[in-house]
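To be precise, the following lines are input-v1.cif, and they hold mmCIF, C-alpha atoms.
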data_final
loop_
_atom_site.label_atom_id
_atom_site.label_comp_id
_atom_site.auth_asym_id
_atom_site.auth_seq_id
_atom_site.Cartn_x
_atom_site.Cartn_y
_atom_site.Cartn_z
CA MET A 80 0.00 0.00 0.00
CA LYS A 81 1.43 3.40 -0.99
CA THR A 82 2.57 5.58 1.91
CA ILE A 83 0.91 8.99 2.11
CA HIS A 84 3.36 11.66 3.22
CA LYS A 85 2.69 15.09 4.66
CA SER A 86 3.54 18.13 2.55
CA ALA A 87 7.20 19.13 2.37
CA LYS A 88 6.02 22.65 3.29
CA LEU A 89 5.65 21.36 6.85
CA ALA A 90 9.39 20.63 7.17
CA ASN A 91 10.10 23.87 9.07
CA VAL A 92 6.79 24.00 10.92
CA CYS A 93 6.74 23.29 14.64
CA TYR A 94 4.10 24.12 17.21
CA ASP A 95 5.36 22.40 20.30
CA ILE A 96 2.90 24.30 22.49
CA ARG A 97 0.58 21.56 21.25
CA GLY A 98 3.20 18.99 20.30
CA PRO A 99 4.55 15.64 21.57
CA ILE A 100 4.58 16.75 25.21
CA MET A 101 0.90 17.66 24.92
CA ASP A 102 0.22 14.24 23.41
CA ALA A 103 1.97 12.57 26.34
CA ALA A 104 -0.01 14.70 28.82
CA ARG A 105 -3.27 13.73 27.13
CA GLN A 106 -2.35 10.05 27.46
CA MET A 107 -1.54 10.54 31.14
CA GLU A 108 -4.89 12.26 31.69
CA GLU A 109 -6.67 9.32 30.06
CA GLU A 110 -4.88 7.11 32.60
CA GLY A 111 -6.32 9.21 35.43
CA HIS A 112 -3.48 11.61 36.22
CA LYS A 113 -4.12 15.32 36.90
CA ILE A 114 -1.75 17.48 34.88
CA ILE A 115 -0.86 21.08 35.81
CA LYS A 116 -0.66 22.75 32.42
CA LEU A 117 1.82 25.62 32.34
CA ASN A 118 2.27 25.32 28.59
CA ILE A 119 -0.35 27.59 27.03
CA GLY A 120 -2.05 30.91 27.76
CA ASN A 121 -5.54 29.44 27.88
CA LEU A 122 -7.02 31.71 30.54
CA ALA A 123 -10.52 30.28 30.92
CA VAL A 124 -9.39 26.95 32.36
CA PHE A 125 -7.70 28.82 35.22
CA GLY A 126 -10.82 30.75 36.18
CA PHE A 127 -10.17 33.92 34.19
CA ASP A 128 -13.67 34.34 32.81
CA SER A 129 -14.61 36.42 29.82
CA PRO A 130 -16.25 39.69 30.98
CA GLU A 131 -19.97 39.12 31.52
CA GLU A 132 -21.01 42.03 29.27
CA ILE A 133 -19.16 40.36 26.37
CA GLN A 134 -20.95 37.10 27.01
CA GLN A 135 -24.32 38.84 27.19
CA ASP A 136 -23.74 40.77 23.98
CA MET A 137 -22.91 37.58 22.11
CA ILE A 138 -25.99 35.85 23.50
CA ARG A 139 -28.26 38.74 22.49
CA ASN A 140 -26.83 38.84 18.99
CA LEU A 141 -26.75 35.10 18.38
CA PRO A 142 -30.09 35.16 16.46
CA ASN A 143 -28.49 37.67 14.07
CA SER A 144 -25.34 35.64 13.55
CA ALA A 145 -26.45 32.78 11.33
CA GLY A 146 -25.64 34.46 8.03
CA TYR A 147 -22.32 35.54 6.52
CA SER A 148 -21.09 38.99 7.44
CA ASP A 149 -19.09 41.29 5.17
CA SER A 150 -15.80 39.48 4.46
CA LYS A 151 -13.87 42.11 6.45
CA GLY A 152 -16.32 41.99 9.35
CA ILE A 153 -19.39 43.69 10.74
CA PHE A 154 -19.53 47.47 10.71
CA ALA A 155 -19.90 48.07 14.46
CA ALA A 156 -16.89 45.94 15.36
CA ARG A 157 -14.66 47.51 12.72
CA LYS A 158 -15.79 50.97 13.81
CA ALA A 159 -14.80 50.11 17.39
CA VAL A 160 -11.38 48.97 16.20
CA MET A 161 -10.98 52.19 14.21
CA HIS A 162 -11.74 54.24 17.34
CA GLU A 163 -9.17 52.18 19.25
CA THR A 164 -6.49 53.00 16.66
CA GLN A 165 -7.32 56.70 17.03
CA LYS A 166 -6.81 56.45 20.80
CA GLN A 167 -3.44 54.81 20.14
CA GLY A 168 -2.34 57.68 17.90
CA ILE A 169 -2.34 55.69 14.66
CA ALA A 170 -3.05 58.03 11.77
CA GLY A 171 -5.11 57.56 8.62
CA VAL A 172 -6.97 54.33 9.44
CA THR A 173 -10.36 53.92 7.75
CA LEU A 174 -12.92 51.13 7.97
CA ASP A 175 -11.50 49.64 4.77
CA ASP A 176 -8.15 49.18 6.51
CA ILE A 177 -9.59 46.87 9.18
CA TYR A 178 -10.02 43.11 8.80
CA LEU A 179 -11.68 40.87 11.36
CA GLY A 180 -10.58 37.27 11.67
CA ASN A 181 -10.84 34.03 13.61
CA GLY A 182 -8.31 35.24 16.13
CA ALA A 183 -5.08 37.01 15.26
CA SER A 184 -3.67 33.67 14.11
CA GLU A 185 -5.87 33.46 11.01
CA LEU A 186 -4.96 37.01 10.06
CA ILE A 187 -1.24 36.32 10.49
CA VAL A 188 -1.55 33.47 8.00
CA THR A 189 -3.54 35.71 5.64
CA ALA A 190 -0.95 38.50 5.82
CA THR A 191 2.02 36.22 5.15
CA ASN A 192 0.24 34.30 2.37
CA ALA A 193 -0.61 37.53 0.59
CA LEU A 194 2.97 38.86 0.80
CA LEU A 195 5.49 36.06 0.39
CA ASP A 196 6.64 34.30 -2.75
CA ASN A 197 8.83 31.20 -2.68
CA GLY A 198 12.24 32.18 -1.37
CA ASP A 199 11.21 35.54 0.06
CA GLU A 200 12.62 36.16 3.52
CA ILE A 201 10.85 37.46 6.61
CA LEU A 202 12.64 38.55 9.78
CA LEU A 203 11.30 36.99 12.98
CA PRO A 204 12.46 37.30 16.58
CA SER A 205 14.23 34.48 18.40
CA PRO A 206 12.66 33.34 20.61
CA ASP A 207 9.40 33.76 18.73
CA TYR A 208 5.76 32.82 18.88
CA PRO A 209 6.08 29.75 16.62
CA LEU A 210 2.90 30.45 14.65
CA TRP A 211 4.82 33.23 12.87
CA THR A 212 7.59 30.89 11.73
CA ALA A 213 5.04 28.28 10.68
CA ALA A 214 2.95 30.81 8.74
CA ALA A 215 6.03 32.11 6.92
CA SER A 216 7.12 28.59 5.97
CA LEU A 217 3.66 27.55 4.77
CA SER A 218 3.52 30.72 2.67
CA GLY A 219 6.62 29.60 0.79
CA GLY A 220 8.80 32.15 2.55
CA THR A 221 12.05 31.64 4.43
CA PRO A 222 11.98 32.53 8.14
CA VAL A 223 15.14 34.34 9.23
CA HIS A 224 15.47 34.79 12.98
CA TYR A 225 17.07 37.82 14.59
CA LEU A 226 18.25 37.50 18.17
CA CYS A 227 16.64 39.04 21.20
CA ASN A 228 19.16 39.76 23.95
CA GLU A 229 18.41 38.23 27.34
CA ALA A 230 21.13 40.35 28.97
CA ASN A 231 19.26 43.44 27.77
CA GLY A 232 15.83 42.39 29.03
CA TRP A 233 15.08 40.41 25.84
CA MET A 234 15.16 43.54 23.66
CA PRO A 235 15.80 42.88 19.93
CA ASP A 236 19.48 42.91 19.02
CA LEU A 237 19.35 45.71 16.46
CA ALA A 238 22.79 45.00 15.02
CA ASP A 239 21.87 41.35 14.47
CA LEU A 240 18.55 42.37 12.91
CA ARG A 241 20.26 44.75 10.47
CA SER A 242 22.89 42.17 9.55
CA LYS A 243 20.19 39.73 8.42
CA ILE A 244 18.43 42.06 5.97
CA THR A 245 19.06 40.98 2.38
CA SER A 246 17.66 41.75 -1.06
CA LYS A 247 15.11 38.98 -0.44
CA THR A 248 13.78 40.41 2.85
CA ARG A 249 10.15 41.50 2.57
CA ALA A 250 9.02 42.10 6.13
CA VAL A 251 10.03 42.29 9.78
CA VAL A 252 7.91 40.87 12.61
CA VAL A 253 7.84 42.53 16.02
CA ILE A 254 6.01 40.81 18.90
CA ASN A 255 5.43 43.47 21.55
CA PRO A 256 4.56 42.81 24.33
CA ASN A 257 6.56 39.71 23.72
CA ASN A 258 5.53 36.10 23.78
CA PRO A 259 7.35 34.04 25.11
CA THR A 260 9.57 36.35 27.22
CA GLY A 261 7.11 38.86 28.67
CA ALA A 262 9.34 41.74 27.55
CA LEU A 263 7.95 45.18 26.67
CA TYR A 264 10.08 46.95 24.07
CA SER A 265 11.26 50.51 24.58
CA ASP A 266 10.07 53.27 22.26
CA ASP A 267 13.68 53.81 21.16
CA ILE A 268 13.99 50.19 20.02
CA LEU A 269 10.72 50.40 18.10
CA LYS A 270 11.76 53.64 16.38
CA VAL A 271 15.00 52.06 15.14
CA VAL A 272 13.11 49.07 13.73
CA VAL A 273 10.70 51.45 11.96
CA GLN A 274 13.66 53.34 10.50
CA MET A 275 15.20 50.10 9.22
CA ALA A 276 11.90 49.17 7.60
CA ARG A 277 11.81 52.60 5.97
CA GLU A 278 15.41 52.32 4.79
CA PHE A 279 15.02 48.88 3.24
CA GLY A 280 11.38 49.08 2.10
CA LEU A 281 10.10 46.40 4.49
CA VAL A 282 6.57 45.77 5.69
CA VAL A 283 6.23 45.81 9.48
CA PHE A 284 4.07 43.10 11.07
CA SER A 285 3.35 44.15 14.66
CA ASP A 286 1.83 41.50 16.94
CA GLU A 287 0.32 43.43 19.87
CA VAL A 288 -2.05 40.85 21.32
CA TYR A 289 -0.86 41.53 24.91
CA ASP A 290 -0.96 45.34 24.69
CA LYS A 291 -3.15 45.68 27.79
CA VAL A 292 -1.52 42.94 29.89
CA LEU A 293 1.05 45.27 31.47
CA TYR A 294 2.60 45.31 34.96
CA ASP A 295 4.29 47.85 37.23
CA GLY A 296 2.82 50.87 35.46
CA VAL A 297 4.63 50.36 32.14
CA LYS A 298 3.04 51.81 28.98
CA HIS A 299 2.70 50.17 25.59
CA LYS A 300 3.38 52.10 22.39
CA ALA A 301 1.53 51.01 19.26
CA MET A 302 4.19 50.55 16.61
CA ALA A 303 1.97 51.95 13.87
CA SER A 304 1.81 55.25 15.77
CA LEU A 305 5.53 55.82 15.13
CA SER A 306 5.23 56.46 11.40
CA GLU A 307 2.77 57.56 8.75
CA ASP A 308 4.79 56.26 5.82
CA VAL A 309 5.99 52.71 6.71
CA LEU A 310 3.38 50.10 5.79
CA THR A 311 2.45 48.47 9.09
CA LEU A 312 0.02 45.63 9.80
CA THR A 313 -1.04 45.47 13.45
CA PHE A 314 -2.57 42.30 14.91
CA ASN A 315 -4.71 42.06 18.03
CA SER A 316 -7.57 40.01 19.47
CA LEU A 317 -9.95 39.39 22.35
CA SER A 318 -8.07 36.27 23.42
CA LYS A 319 -5.81 37.61 26.16
CA SER A 320 -6.79 41.07 27.43
CA TYR A 321 -10.46 40.00 27.37
CA ARG A 322 -9.96 36.35 28.38
CA SER A 323 -11.92 35.15 25.35
CA CYS A 324 -9.58 32.72 23.56
CA GLY A 325 -12.36 30.42 22.39
CA TYR A 326 -14.45 33.20 20.84
CA ARG A 327 -11.85 33.40 18.03
CA ALA A 328 -12.22 37.14 17.45
CA GLY A 329 -9.24 39.13 16.20
CA TRP A 330 -8.43 42.09 13.99
CA MET A 331 -5.74 43.32 11.64
CA VAL A 332 -5.20 47.02 10.89
CA VAL A 333 -3.33 48.26 7.81
CA SER A 334 -1.70 51.67 8.25
CA GLY A 335 1.08 53.80 6.79
CA ASP A 336 1.50 54.69 3.12
CA LYS A 337 -0.87 52.33 1.34
CA LYS A 338 -0.41 53.64 -2.21
CA PRO A 339 2.69 51.55 -3.03
CA ALA A 340 0.95 48.54 -1.43
CA ARG A 341 -2.21 48.53 -3.53
CA ASP A 342 -1.39 45.19 -5.10
CA TYR A 343 -0.60 43.62 -1.72
CA ILE A 344 -3.82 44.99 -0.24
CA GLU A 345 -5.71 43.52 -3.19
CA GLY A 346 -4.18 40.18 -2.18
CA LEU A 347 -5.39 40.67 1.39
CA ASN A 348 -8.87 41.38 0.07
CA MET A 349 -8.82 38.31 -2.17
CA LEU A 350 -7.90 36.01 0.73
CA SER A 351 -10.42 37.71 3.00
CA ASN A 352 -13.15 37.13 0.43
CA MET A 353 -12.12 33.51 -0.09
CA ARG A 354 -12.84 32.57 3.52
CA LEU A 355 -16.24 34.41 3.25
CA CYS A 356 -16.13 35.83 6.79
CA SER A 357 -14.87 35.15 10.28
CA ASN A 358 -16.90 33.81 13.20
CA VAL A 359 -19.86 36.21 13.43
CA PRO A 360 -20.81 35.71 17.13
CA GLY A 361 -17.24 36.53 18.08
CA GLN A 362 -17.35 39.69 15.97
CA PHE A 363 -20.31 40.94 18.02
CA ALA A 364 -18.13 40.80 21.14
CA ILE A 365 -15.54 43.26 19.82
CA GLN A 366 -17.45 46.53 20.15
CA THR A 367 -18.50 45.75 23.71
CA ALA A 368 -14.99 44.68 24.68
CA LEU A 369 -13.19 47.71 23.32
CA GLY A 370 -15.76 50.21 24.53
CA GLY A 371 -16.55 48.71 27.92
CA TYR A 372 -14.89 48.59 31.32
CA GLN A 373 -11.30 47.38 31.00
CA SER A 374 -11.31 44.76 33.73
CA ILE A 375 -7.82 43.62 32.71
CA ASN A 376 -6.53 46.63 34.67
CA ASP A 377 -7.85 45.10 37.89
CA LEU A 378 -5.95 41.88 37.19
CA VAL A 379 -2.59 43.42 36.33
CA GLY A 380 -2.58 46.32 38.81
CA GLU A 381 -1.09 46.20 42.30
CA GLY A 382 -2.84 43.45 44.24
CA GLY A 383 -4.46 42.05 41.09
CA ARG A 384 -4.50 38.31 40.54
CA LEU A 385 -2.23 38.21 37.49
CA ARG A 386 0.31 40.52 39.07
CA ARG A 387 0.39 38.49 42.30
CA GLN A 388 0.87 35.28 40.36
CA ARG A 389 3.61 36.79 38.21
CA ASP A 390 5.46 37.95 41.32
CA LEU A 391 5.10 34.60 43.06
CA ALA A 392 6.16 32.56 40.02
CA TYR A 393 9.20 34.77 39.51
CA GLU A 394 10.19 34.51 43.17
CA LEU A 395 9.84 30.72 43.27
CA ILE A 396 11.46 29.95 39.92
CA THR A 397 14.51 32.14 40.52
CA ALA A 398 15.01 30.59 43.97
CA ILE A 399 15.89 27.27 42.29
CA PRO A 400 19.68 26.86 41.99
CA GLY A 401 20.91 27.35 38.42
CA VAL A 402 17.67 28.94 37.20
CA SER A 403 17.55 32.61 36.20
CA CYS A 404 14.82 34.67 34.58
CA VAL A 405 14.16 38.16 33.27
CA LYS A 406 11.10 39.35 35.20
CA PRO A 407 8.27 39.86 32.68
CA SER A 408 6.86 43.36 32.31
CA ALA A 409 3.88 42.18 30.28
CA ALA A 410 1.92 39.20 28.92
CA LEU A 411 1.29 35.88 30.68
CA TYR A 412 4.65 34.15 30.41
CA MET A 413 8.22 33.98 31.58
CA PHE A 414 11.17 32.41 29.78
CA PRO A 415 13.58 31.08 32.41
CA ARG A 416 17.12 29.91 31.68
CA LEU A 417 18.64 26.67 32.95
CA ASP A 418 22.37 27.22 33.46
CA PRO A 419 24.02 24.65 31.14
CA THR A 420 26.87 24.11 33.60
CA VAL A 421 24.31 23.02 36.20
CA TYR A 422 21.81 21.35 33.84
CA PRO A 423 23.65 19.77 30.89
CA ILE A 424 20.71 19.20 28.52
CA ALA A 425 21.24 17.75 25.05
CA ASP A 426 17.57 17.41 24.03
CA ASP A 427 15.27 19.86 25.77
CA GLN A 428 12.09 18.28 24.42
CA GLN A 429 13.08 14.97 25.97
CA PHE A 430 14.06 16.77 29.18
CA PHE A 431 10.64 18.37 29.59
CA LEU A 432 8.89 15.15 28.59
CA GLU A 433 10.69 13.46 31.50
CA LEU A 434 9.77 16.36 33.76
CA LEU A 435 6.10 15.91 32.77
CA GLN A 436 6.18 12.19 33.42
CA GLU A 437 7.78 12.59 36.84
CA THR A 438 6.03 15.75 38.12
CA LYS A 439 2.76 15.91 36.12
CA VAL A 440 3.65 19.52 35.27
CA MET A 441 3.59 20.46 31.57
CA LEU A 442 5.97 23.09 30.17
CA VAL A 443 7.29 23.94 26.70
CA GLN A 444 10.97 23.70 25.84
CA GLY A 445 12.74 26.80 24.52
CA THR A 446 13.61 25.28 21.15
CA GLY A 447 9.86 25.10 20.53
CA PHE A 448 10.04 28.89 20.28
CA ASN A 449 12.91 28.79 17.80
CA TRP A 450 15.51 29.52 20.48
CA HIS A 451 18.90 28.18 19.41
CA GLU A 452 20.04 26.45 22.61
CA PRO A 453 18.38 23.75 24.79
CA ASP A 454 18.63 25.92 27.90
CA HIS A 455 15.30 27.78 28.25
CA PHE A 456 11.64 27.01 28.72
CA ARG A 457 8.38 28.93 28.72
CA MET A 458 5.90 28.77 31.55
CA VAL A 459 2.60 30.54 32.14
CA PHE A 460 1.73 31.88 35.58
CA LEU A 461 -2.04 31.48 35.24
CA PRO A 462 -2.85 28.96 38.00
CA HIS A 463 -3.95 30.21 41.42
CA GLU A 464 -1.11 30.84 43.86
CA ASP A 465 -1.56 27.56 45.75
CA GLU A 466 -1.35 25.56 42.54
CA LEU A 467 1.65 27.58 41.36
CA ARG A 468 3.43 26.70 44.61
CA VAL A 469 2.66 23.01 44.05
CA ALA A 470 3.77 23.06 40.39
CA ILE A 471 7.02 24.94 40.93
CA GLY A 472 7.74 22.89 44.05
CA ARG A 473 7.53 19.72 41.97
CA MET A 474 9.77 21.29 39.32
CA ALA A 475 12.30 22.28 41.99
CA ARG A 476 12.49 18.69 43.28
CA PHE A 477 12.90 17.33 39.75
CA LEU A 478 15.70 19.80 39.05
CA GLU A 479 17.37 18.98 42.38
CA ASN A 480 17.45 15.30 41.46
CA TYR A 481 18.74 16.16 38.00
CA ARG A 482 21.57 18.21 39.53
CA LYS A 483 22.52 15.32 41.81
CA ARG A 484 22.59 12.87 38.92
CA HIS A 485 24.75 15.14 36.77
CA SER A 486 27.07 16.69 39.36
CA ASN A 487 30.78 16.13 38.88
#

Structure encoded using structure tokens:
Amino acid sequence: MKTIHKSAKLANVCYDIRGPIMDAARQMEEEGHKIIKLNIGNLAVFGFDSPEEIQQDMIRNLPNSAGYSDSKGIFAARKAVMHETQKQGIAGVTLDDIYLGNGASELIVTATNALLDNGDEILLPSPDYPLWTAAASLSGGTPVHYLCNEANGWMPDLADLRSKITSKTRAVVVINPNNPTGALYSDDILKVVVQMAREFGLVVFSDEVYDKVLYDGVKHKAMASLSEDVLTLTFNSLSKSYRSCGYRAGWMVVSGDKKPARDYIEGLNMLSNMRLCSNVPGQFAIQTALGGYQSINDLVGEGGRLRRQRDLAYELITAIPGVSCVKPSAALYMFPRLDPTVYPIADDQQFFLELLQETKVMLVQGTGFNWHEPDHFRMVFLPHEDELRVAIGRMARFLENYRKRHSN
């Protein structure tokens, strides 16, 4: 019988957030084990409920949601997004520049598919959110990773970024606030990236899904507000700030000088039309979310649940010998480092599979985020404080045993 192979386009695609370790955890759950899942920012399962007014608005509008909407999305939701861009200081955005999608992820795939030809290069951060690398590869493009510098709070290494721009480079991706590190980029860093894009004629893709998940009074700057000439596509959604991952409601905003990009924008419109429309009930949640009470501020402010859990996770994880971490200023994650002299790890996926099997705590290895060494991992700090103490306590005991086994 002839073997059926997967497409060669999947050769550079990895999504280990839902990879082999997840498969092993699912098998363990079927055997009756309770797994503490620190692998994915799925807020609802940890008791972070979607705001009630969003739920009510979707319920009320469900009878009106059975038909297709405009391919770019319903008017009220796009108008709300347009008002949000005005508050952020982004100039020249009209309703036609706004596309609604099934989460930011669908729109990321749309944007890369419309831009990249075979062999075109796109600059992506390392570590990255792996969907970006996967989308670039599936679009026929070549992902090229620029380094983010842990010693500088995970800021992009601007010299490394510049050195990787070639005649084939079409776009640069900025993830700010950053997933997986929790870093918030400085305005000065963003301005230099914008200037590079201007100098080399690059499109800027700005992933700003965590723009309201901010700690310690820091402020987020929308990248598109830093220029009126550089073509910038900004991606956002209800998933994180509004704890509505499953509603699959996201938006993409095209800003900057759109005249030279007419053909590209036509491609965006073609792909938008092809999928007919995004999830209509989720679209009805957008206006209420953006215009209503921003309850995320209660969670991230002093004394708020997310901030308390971030502080506790950071305190506990950095108390483990040989483990260091840049304290996240934003988002839901931290990206700790395992000192290779203390933890000699050859295969980090196998390492965290063994950790799962022994501790029933699920994490994601750093190479799953296109980091170049097997010495980091990403963890969410979404569980309640008691469960965080249990999870990190189990990790600490596993790491202690590992140190004993591998000590000189």

Would you list the residues near (19.9, 19.3, 34.8), meaning any protein, DNA or RNA residue with an atom at most 9 Å from that point in file coordinates, counting all atoms listed in the file, as a PyMOL selection string? chain A and resi 401+417-424+430+477-486

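Using only C-alpha atoms for every distance, the candidate list A:Asn231, A:Ser408, A:Ser403, A:Thr164 yields A:Ser408 as the residue closest to Arg386 (chain A).
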
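Coordinates place CA of Gly182 (chain A) at a distance of 24.0 Å from CA of His224 (chain A).
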
List the spatial neighbours of Asp176 (chain A) as a PyMOL selection string - criterion: any atom at most 10 Å away, all atoms listed in the file, same-chain residues fewer than 4 positions off excluded. chain A and resi 151+157+161+171-172+312+331-334+337+344

For this structure, which residues satisfy the selection - the PyMOL selection byres ((chain A and resi 253) around 12) - when it is evaluated on the file as given? I want them as a VMD selection string. chain A and resid 201 to 208 211 224 to 227 234 to 235 237 240 250 to 252 254 to 258 262 to 264 268 to 273 276 282 to 288 301 to 303 311 to 314

Check what the PyMOL selection byres ((chain A and resi 180) around 8) selects in the file above and give those residues as a VMD selection string. chain A and resid 151 to 152 178 to 179 181 to 183 185 to 186 327 to 331 356 to 358

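Proximity ranking of A:Ser306, A:Gly232, A:Gln436, A:Leu317 relative to Ile365 (chain A) places A:Leu317 first, based on all atoms listed in the file.
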
Taking (-14.8, 45.3, 25.2) in the file's coordinates as the center, which residues reach within 9 Å of it, counting all atoms listed in the file, put as a ChimeraX atom specification? /A:130,132-133,317,321,364-373

Would you mind exporting the chosen residues as a short mmCIF file (atom, residue, chain, number, x, y, z; two decimals), in the frame of the given file, restricted to C-alpha atoms?
data_model
loop_
_atom_site.label_atom_id
_atom_site.label_comp_id
_atom_site.auth_asym_id
_atom_site.auth_seq_id
_atom_site.Cartn_x
_atom_site.Cartn_y
_atom_site.Cartn_z
CA PRO A 130 -16.25 39.69 30.98
CA GLU A 132 -21.01 42.03 29.27
CA ILE A 133 -19.16 40.36 26.37
CA LEU A 317 -9.95 39.39 22.35
CA TYR A 321 -10.46 40.00 27.37
CA ALA A 364 -18.13 40.80 21.14
CA ILE A 365 -15.54 43.26 19.82
CA GLN A 366 -17.45 46.53 20.15
CA THR A 367 -18.50 45.75 23.71
CA ALA A 368 -14.99 44.68 24.68
CA LEU A 369 -13.19 47.71 23.32
CA GLY A 370 -15.76 50.21 24.53
CA GLY A 371 -16.55 48.71 27.92
CA TYR A 372 -14.89 48.59 31.32
CA GLN A 373 -11.30 47.38 31.00
#

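One distance worth recording is that between CA of Arg384 (chain A) and CA of Ser320 (chain A), which is 13.6 Å.
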
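Rounded to one decimal, CA of Ser148 (chain A) and CA of Val359 (chain A) lie 6.7 Å from each other.
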
Enumerate, as a PyMOL selection string, the residues matched when the PyMOL selection byres ((chain A and resi 435) around 12) is run on the file above. chain A and resi 99-108+112-118+428-434+436-444+470+473-474+477

Please provide as a compact mmCIF listing (two decimals) with C-alpha atoms, in the frame of the given file all residues within 10 Å of Leu467 (chain A), with the sequence filter that same-chain residues fewer than 3 positions apart are discarded (counting all atoms listed in the file).
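Written out: result_15.txt:
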# COMPACT_ATOMS: atom_id res chain seq x y z
CA ILE A 115 -0.86 21.08 35.81
CA LEU A 117 1.82 25.62 32.34
CA GLN A 388 0.87 35.28 40.36
CA ARG A 389 3.61 36.79 38.21
CA LEU A 391 5.10 34.60 43.06
CA ALA A 392 6.16 32.56 40.02
CA LEU A 395 9.84 30.72 43.27
CA VAL A 459 2.60 30.54 32.14
CA PHE A 460 1.73 31.88 35.58
CA LEU A 461 -2.04 31.48 35.24
CA PRO A 462 -2.85 28.96 38.00
CA HIS A 463 -3.95 30.21 41.42
CA GLU A 464 -1.11 30.84 43.86
CA ALA A 470 3.77 23.06 40.39
CA ILE A 471 7.02 24.94 40.93
CA GLY A 472 7.74 22.89 44.05
CA ARG A 473 7.53 19.72 41.97

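Each of A:Asp290, A:Ser323, A:Leu378, A:Pro453 was checked against Gln167 (chain A) using all atoms listed in the file; the smallest atom-to-atom distance is that of A:Asp290.
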
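Compared by their closest atoms to Val188 (chain A), and using all atoms listed in the file, the residues A:Ser246, A:Ser351, A:Gln274, A:Gln135 rank with A:Ser351 nearest.
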
Identify which of the residues A:Arg457, A:Lys291, A:Lys298, A:Lys338 lies closest to Ala410 (chain A), counting only C-alpha atoms when measuring atom-to-atom distances. A:Lys291

Can you tell me which residues surround Ala215 (chain A) at a distance of at most 8 Å, considering only C-alpha atoms, apart from same-chain residues fewer than 6 positions away, and format the answer as a ChimeraX atom specification? /A:188,191-192,195,201,221-222

Just-selected residues, C-alpha atoms written as a compact mmCIF listing (two decimals), in the frame of the given file:
# COMPACT_ATOMS: atom_id res chain seq x y z
CA VAL A 188 -1.55 33.47 8.00
CA THR A 191 2.02 36.22 5.15
CA ASN A 192 0.24 34.30 2.37
CA LEU A 195 5.49 36.06 0.39
CA ILE A 201 10.85 37.46 6.61
CA THR A 221 12.05 31.64 4.43
CA PRO A 222 11.98 32.53 8.14
